Amino acid sequence: MVNKLSFACLIIFYISIGVFSKIFEATSYWLGSVPIVLFSTFLGVIFFNIIKIDIKWVIRIFIFTCLIILQYILSVFVYGLEAIERSFFSFCFLLLLAFFVPIIYLIIMKTPDVFISKTVKIIAFILVFIGFLSKYLETKQIIGYKNVMIMPEPSHYALILLPFIIYLYISNQFSKKIFLFFIMTLLSLILENATLMIGNIFFFLITSLYGNLGKKKVIFFVLSFGILVLILSQFDYYAERLIVSKGIENLNVSSLAYFSGWERAFLTIKESFLIGAGFNRMGIVTPIGQYQEVIALLNLSELNLKDGTTCGSKLIAELGIMGIFMILIYLVLLHKIYKRYLRKSIFEKEKLFISFLSIPIIEIFVRGVGYFSPNLLLFLTSLYWIRRTFNDKFNIHN
């Protein structure tokens with residue numbers, strides 16, 4: 001009973017991260033992460049009596065910390081010491097989350113597979129229902145435009161929902177995947193959210209193509225994707241995002257913010273000789289760029305200034321060549337995990353870990369919310385699962 005309750009509370013706290021941040025109008029999700037850290041501590045000490053320290057995990061944290069400090073010292077020679085306190089406190093909180101990862105891992109591992117499956121499906125249903133309900137309440141003018149109730153904006157809602165959808169795509173057979181894909185596509189259309197649409201299409205294709213599929217189904221996917229693009233092009237919201245060659249002055253605000261993040265990342269690594277600006281200093285010491293200048297003319301100069309719109313642009317701008325290597329390593333690792341697991345029957349815990357290991361690819365390339373995303377802690381837990389599962393013998397080069 002304690003194990004089931006602990007897991008249920010963990011998932012509830014995970015969803016509530018966005019709620020806390022929305023209530024307190026926080027500019028970062030770190031505030032919403034505090035309750036889940038306190039909750040993990042309570043469970044770890046009281047229920048599971050965790051007193052052992054995973055030395056190998058601590059060593060990895062120490063090595064990563066040393067690399068970040070070294071990179072930051074190098075960045076100081078280019079950009080000075082501005083915002084050093086911001087970098088220090090942000091990184092300390094990141095380390096704090098990392099130290100709680102083994103507790104989260106233990107909570108999940110002690111939870112029965114059947115309960116994990118039921119809980120994830122119930123939460124997925126509730127979140128999808130909230131999405132449809134939000135649109136209905138919006139049409140009745142009960143809530144504001146693009147208000148998803150539990151999240152600051154639809155893109156953030158998409159990042160919370162997608163891990164559960166990935167889990168369902170991994171779990172279900174082809175026919176059920178098609179039905180789920182239809183529901184999620186419909187939800188994406190009525191919410192007018194590109195993050196949810198792209199994530200839904202991407203993970204539907206990935207979980208299907210990495211699975212055991214015949215040539216006919218692959219052809220079906222290609223044709224379906226082409227038809228879907230044609231359908232989306234008929235909606236003004238998606239047409240504006242599909243067409244990116246109409247000149248910088250004619251792009252919508254979302255596209256401007258997106259391209260601004262990547263432009264500033266390129267300008268920063270060029271200006272800093274691939275070193276980067278230093279941890280969490282994007283938008284403070286980094287170059288502005290043409291796209292950000294256009295955004296400033298719209299009186300939106302602070303729009304995604306510090307998060308770069310995507311986590312990928314933020315990583316590259318702040319960590320330079322190290323950020324590029326981190327992204328490449330993650331992509332190779334994800335590919336190896338997919339090849340190893342998606343073509344066979346796996347446990348529910350493994351499906352959950354793979355789901356949260358997958359979601360950063362959307363945050364890196366499509367839409368991010370900074371480092372302290374609601375998915376960060378469970379993503380780190382998934383990395384910890386890889387270390388524990390393969391007993392340090394997993395080689396991404398094999």
# chains A, B, ... in the order shown; residues from 1 in each chain; ligands from 1

call {"tool": "residues_around", "arguments": {"residues": "range 321-336 of chain A", "least_positions_apart": "4", "cutoff": "8 Å", "atoms": "only C-alpha atoms", "output": "CSV table (one decimal) with C-alpha atoms, in the first residue's frame"}}
result
chain,number,residue,atom,x,y,z
A,269,ILE,CA,29.6,30.0,-29.8
A,274,LEU,CA,33.0,27.5,-28.9
A,275,ILE,CA,33.3,28.1,-25.2
A,276,GLY,CA,29.8,29.3,-24.5
A,312,GLY,CA,19.0,22.9,-27.3
A,315,LEU,CA,22.6,24.4,-23.9
A,316,ILE,CA,24.7,25.4,-26.9
A,317,ALA,CA,24.7,29.1,-26.1
A,340,ARG,CA,17.2,-2.4,-27.4
A,357,LEU,CA,14.0,9.6,-21.3
A,358,SER,CA,12.4,10.5,-24.6
A,361,ILE,CA,14.1,15.6,-27.5
A,396,ILE,CA,26.4,3.5,-26.5

call {"tool": "select_by_dssp", "arguments": {"residues": "range 167-370 of chain A", "states": "helix (DSSP H, G or I)", "output": "ChimeraX atom specification"}}
result
/A:167-171,174-191,194-209,215-232,236-242,248-250,253-271,290-297,311-319,321-341,348-358,360-365

call {"tool": "residues_around", "arguments": {"residues": "Val114 in chain A", "least_positions_apart": "5", "cutoff": "10 Å", "atoms": "only C-alpha atoms", "output": "number ranges by chain"}}
result
A: 119, 347-349

call {"tool": "write_last_selection", "arguments": {"atoms": "C-alpha atoms", "output": "mmCIF file, in the first residue's frame"}}
result
data_model
loop_
_atom_site.group_PDB
_atom_site.id
_atom_site.type_symbol
_atom_site.label_atom_id
_atom_site.label_comp_id
_atom_site.auth_asym_id
_atom_site.auth_seq_id
_atom_site.Cartn_x
_atom_site.Cartn_y
_atom_site.Cartn_z
ATOM 1 C CA THR A 119 -1.986 5.103 -12.752
ATOM 2 C CA PHE A 347 8.079 -4.160 -18.011
ATOM 3 C CA GLU A 348 5.881 -1.174 -17.174
ATOM 4 C CA LYS A 349 8.717 0.444 -15.217
#

call {"tool": "closest_residue", "arguments": {"among": "A:Leu319, A:Leu5, A:Leu186, A:Ile288", "to": "Leu74 in chain A", "atoms": "only C-alpha atoms"}}
result
A:Leu319

call {"tool": "closest_residue", "arguments": {"among": "A:Val148, A:Val366, A:Pro102, A:Ile12", "to": "Arg387 in chain A", "atoms": "only C-alpha atoms"}}
result
A:Pro102

call {"tool": "closest_residue", "arguments": {"among": "A:Val285, A:Leu303, A:Leu376, A:Cys9", "to": "Ala257 in chain A", "atoms": "only C-alpha atoms"}}
result
A:Leu303

call {"tool": "closest_residue", "arguments": {"among": "A:Ala277, A:Leu162, A:Ile178, A:Met197", "to": "Ser355 in chain A", "atoms": "only C-alpha atoms"}}
result
A:Leu162

call {"tool": "closest_residue", "arguments": {"among": "A:Ile130, A:Leu380, A:Ile107, A:Ile201", "to": "Ile354 in chain A", "atoms": "only C-alpha atoms"}}
result
A:Leu380

call {"tool": "closest_residue", "arguments": {"among": "A:Ile53, A:Val78, A:Leu67, A:Met282", "to": "Ala265 in chain A", "atoms": "only C-alpha atoms"}}
result
A:Met282

call {"tool": "residues_around", "arguments": {"residues": "range 170-175 of chain A", "least_positions_apart": "4", "cutoff": "10 Å", "atoms": "only C-alpha atoms", "output": "PDB file with N, CA and C atoms, in the first residue's frame"}}
result
ATOM      1  N   SER A 117       0.868   0.887 -14.522  1.00  0.00           N
ATOM      2  CA  SER A 117       0.090   0.929 -15.764  1.00  0.00           C
ATOM      3  C   SER A 117      -1.255   1.624 -15.553  1.00  0.00           C
ATOM      4  N   PHE A 164       3.242  10.687 -20.906  1.00  0.00           N
ATOM      5  CA  PHE A 164       2.202   9.681 -20.708  1.00  0.00           C
ATOM      6  C   PHE A 164       1.712   9.129 -22.050  1.00  0.00           C
ATOM      7  N   ILE A 165       1.688   9.994 -23.056  1.00  0.00           N
ATOM      8  CA  ILE A 165       1.300   9.544 -24.396  1.00  0.00           C
ATOM      9  C   ILE A 165       2.370   8.619 -24.980  1.00  0.00           C
ATOM     10  N   ILE A 166       3.636   8.947 -24.746  1.00  0.00           N
ATOM     11  CA  ILE A 166       4.723   8.069 -25.197  1.00  0.00           C
ATOM     12  C   ILE A 166       4.570   6.686 -24.569  1.00  0.00           C
ATOM     13  N   PHE A 179      -5.823   4.891 -33.002  1.00  0.00           N
ATOM     14  CA  PHE A 179      -6.920   5.578 -32.310  1.00  0.00           C
ATOM     15  C   PHE A 179      -6.375   6.692 -31.420  1.00  0.00           C
ATOM     16  N   LEU A 180      -5.331   6.393 -30.652  1.00  0.00           N
ATOM     17  CA  LEU A 180      -4.724   7.402 -29.776  1.00  0.00           C
ATOM     18  C   LEU A 180      -4.149   8.552 -30.589  1.00  0.00           C
ATOM     19  N   PHE A 181      -3.530   8.208 -31.721  1.00  0.00           N
ATOM     20  CA  PHE A 181      -2.970   9.244 -32.592  1.00  0.00           C
ATOM     21  C   PHE A 181      -4.061  10.185 -33.093  1.00  0.00           C
ATOM     22  N   PHE A 203       6.533  10.906 -31.838  1.00  0.00           N
ATOM     23  CA  PHE A 203       6.595   9.711 -31.001  1.00  0.00           C
ATOM     24  C   PHE A 203       5.718   8.586 -31.531  1.00  0.00           C
ATOM     25  N   PHE A 204       4.668   8.933 -32.258  1.00  0.00           N
ATOM     26  CA  PHE A 204       3.874   7.902 -32.932  1.00  0.00           C
ATOM     27  C   PHE A 204       4.730   7.192 -33.976  1.00  0.00           C
ATOM     28  N   ILE A 206       8.140   7.219 -34.208  1.00  0.00           N
ATOM     29  CA  ILE A 206       9.323   6.596 -33.615  1.00  0.00           C
ATOM     30  C   ILE A 206       8.990   5.271 -32.948  1.00  0.00           C
ATOM     31  N   THR A 207       7.952   5.264 -32.102  1.00  0.00           N
ATOM     32  CA  THR A 207       7.604   4.021 -31.397  1.00  0.00           C
ATOM     33  C   THR A 207       7.098   2.954 -32.363  1.00  0.00           C
ATOM     34  N   SER A 208       6.564   3.382 -33.490  1.00  0.00           N
ATOM     35  CA  SER A 208       6.088   2.421 -34.482  1.00  0.00           C
ATOM     36  C   SER A 208       7.228   1.898 -35.350  1.00  0.00           C
ATOM     37  N   GLY A 211       9.557  -0.371 -33.661  1.00  0.00           N
ATOM     38  CA  GLY A 211       8.927  -1.644 -33.343  1.00  0.00           C
ATOM     39  C   GLY A 211       8.971  -2.582 -34.519  1.00  0.00           C
ATOM     40  N   LEU A 213       7.536  -3.679 -37.520  1.00  0.00           N
ATOM     41  CA  LEU A 213       6.552  -3.292 -38.533  1.00  0.00           C
ATOM     42  C   LEU A 213       6.936  -3.831 -39.904  1.00  0.00           C
ATOM     43  N   LYS A 217       3.069  -1.107 -43.491  1.00  0.00           N
ATOM     44  CA  LYS A 217       2.787  -0.127 -42.445  1.00  0.00           C
ATOM     45  C   LYS A 217       3.720   1.078 -42.550  1.00  0.00           C
ATOM     46  N   TYR A 341      14.901  -1.860 -26.707  1.00  0.00           N
ATOM     47  CA  TYR A 341      13.682  -2.120 -25.942  1.00  0.00           C
ATOM     48  C   TYR A 341      12.382  -2.128 -26.752  1.00  0.00           C
ATOM     49  N   LEU A 342      12.291  -1.339 -27.800  1.00  0.00           N
ATOM     50  CA  LEU A 342      10.999  -1.167 -28.450  1.00  0.00           C
ATOM     51  C   LEU A 342      10.608  -2.320 -29.370  1.00  0.00           C
ATOM     52  N   ARG A 343      11.459  -3.289 -29.532  1.00  0.00           N
ATOM     53  CA  ARG A 343      11.138  -4.439 -30.376  1.00  0.00           C
ATOM     54  C   ARG A 343      10.850  -5.700 -29.571  1.00  0.00           C
ATOM     55  N   SER A 345       8.826  -7.259 -25.642  1.00  0.00           N
ATOM     56  CA  SER A 345       7.929  -7.003 -24.515  1.00  0.00           C
ATOM     57  C   SER A 345       8.756  -6.573 -23.310  1.00  0.00           C
ATOM     58  N   ILE A 346       8.383  -5.470 -22.689  1.00  0.00           N
ATOM     59  CA  ILE A 346       9.153  -4.943 -21.568  1.00  0.00           C
ATOM     60  C   ILE A 346       8.231  -4.645 -20.389  1.00  0.00           C
ATOM     61  N   PHE A 347       8.829  -4.453 -19.221  1.00  0.00           N
ATOM     62  CA  PHE A 347       8.079  -4.160 -18.011  1.00  0.00           C
ATOM     63  C   PHE A 347       7.532  -2.734 -18.040  1.00  0.00           C
ATOM     64  N   GLU A 348       6.501  -2.501 -17.233  1.00  0.00           N
ATOM     65  CA  GLU A 348       5.881  -1.174 -17.174  1.00  0.00           C
ATOM     66  C   GLU A 348       6.860  -0.122 -16.674  1.00  0.00           C
ATOM     67  N   LYS A 351       8.964   0.986 -19.526  1.00  0.00           N
ATOM     68  CA  LYS A 351       8.201   1.875 -20.405  1.00  0.00           C
ATOM     69  C   LYS A 351       8.167   3.297 -19.840  1.00  0.00           C
ATOM     70  N   LEU A 352       7.983   3.391 -18.528  1.00  0.00           N
ATOM     71  CA  LEU A 352       7.920   4.704 -17.876  1.00  0.00           C
ATOM     72  C   LEU A 352       9.253   5.429 -17.976  1.00  0.00           C
ATOM     73  N   ILE A 354      11.638   4.943 -20.202  1.00  0.00           N
ATOM     74  CA  ILE A 354      11.884   5.301 -21.603  1.00  0.00           C
ATOM     75  C   ILE A 354      11.071   6.531 -21.994  1.00  0.00           C
ATOM     76  N   SER A 355       9.852   6.636 -21.474  1.00  0.00           N
ATOM     77  CA  SER A 355       8.992   7.785 -21.786  1.00  0.00           C
ATOM     78  C   SER A 355       9.623   9.084 -21.319  1.00  0.00           C
TER      79      SER A 355
END

call {"tool": "atom_distance", "arguments": {"atom1": "CA of Phe7 in chain A", "atom2": "CA of Ile108 in chain A"}}
result
6.3 Å

call {"tool": "atom_distance", "arguments": {"atom1": "CA of Arg281 in chain A", "atom2": "CA of Cys311 in chain A"}}
result
13.1 Å
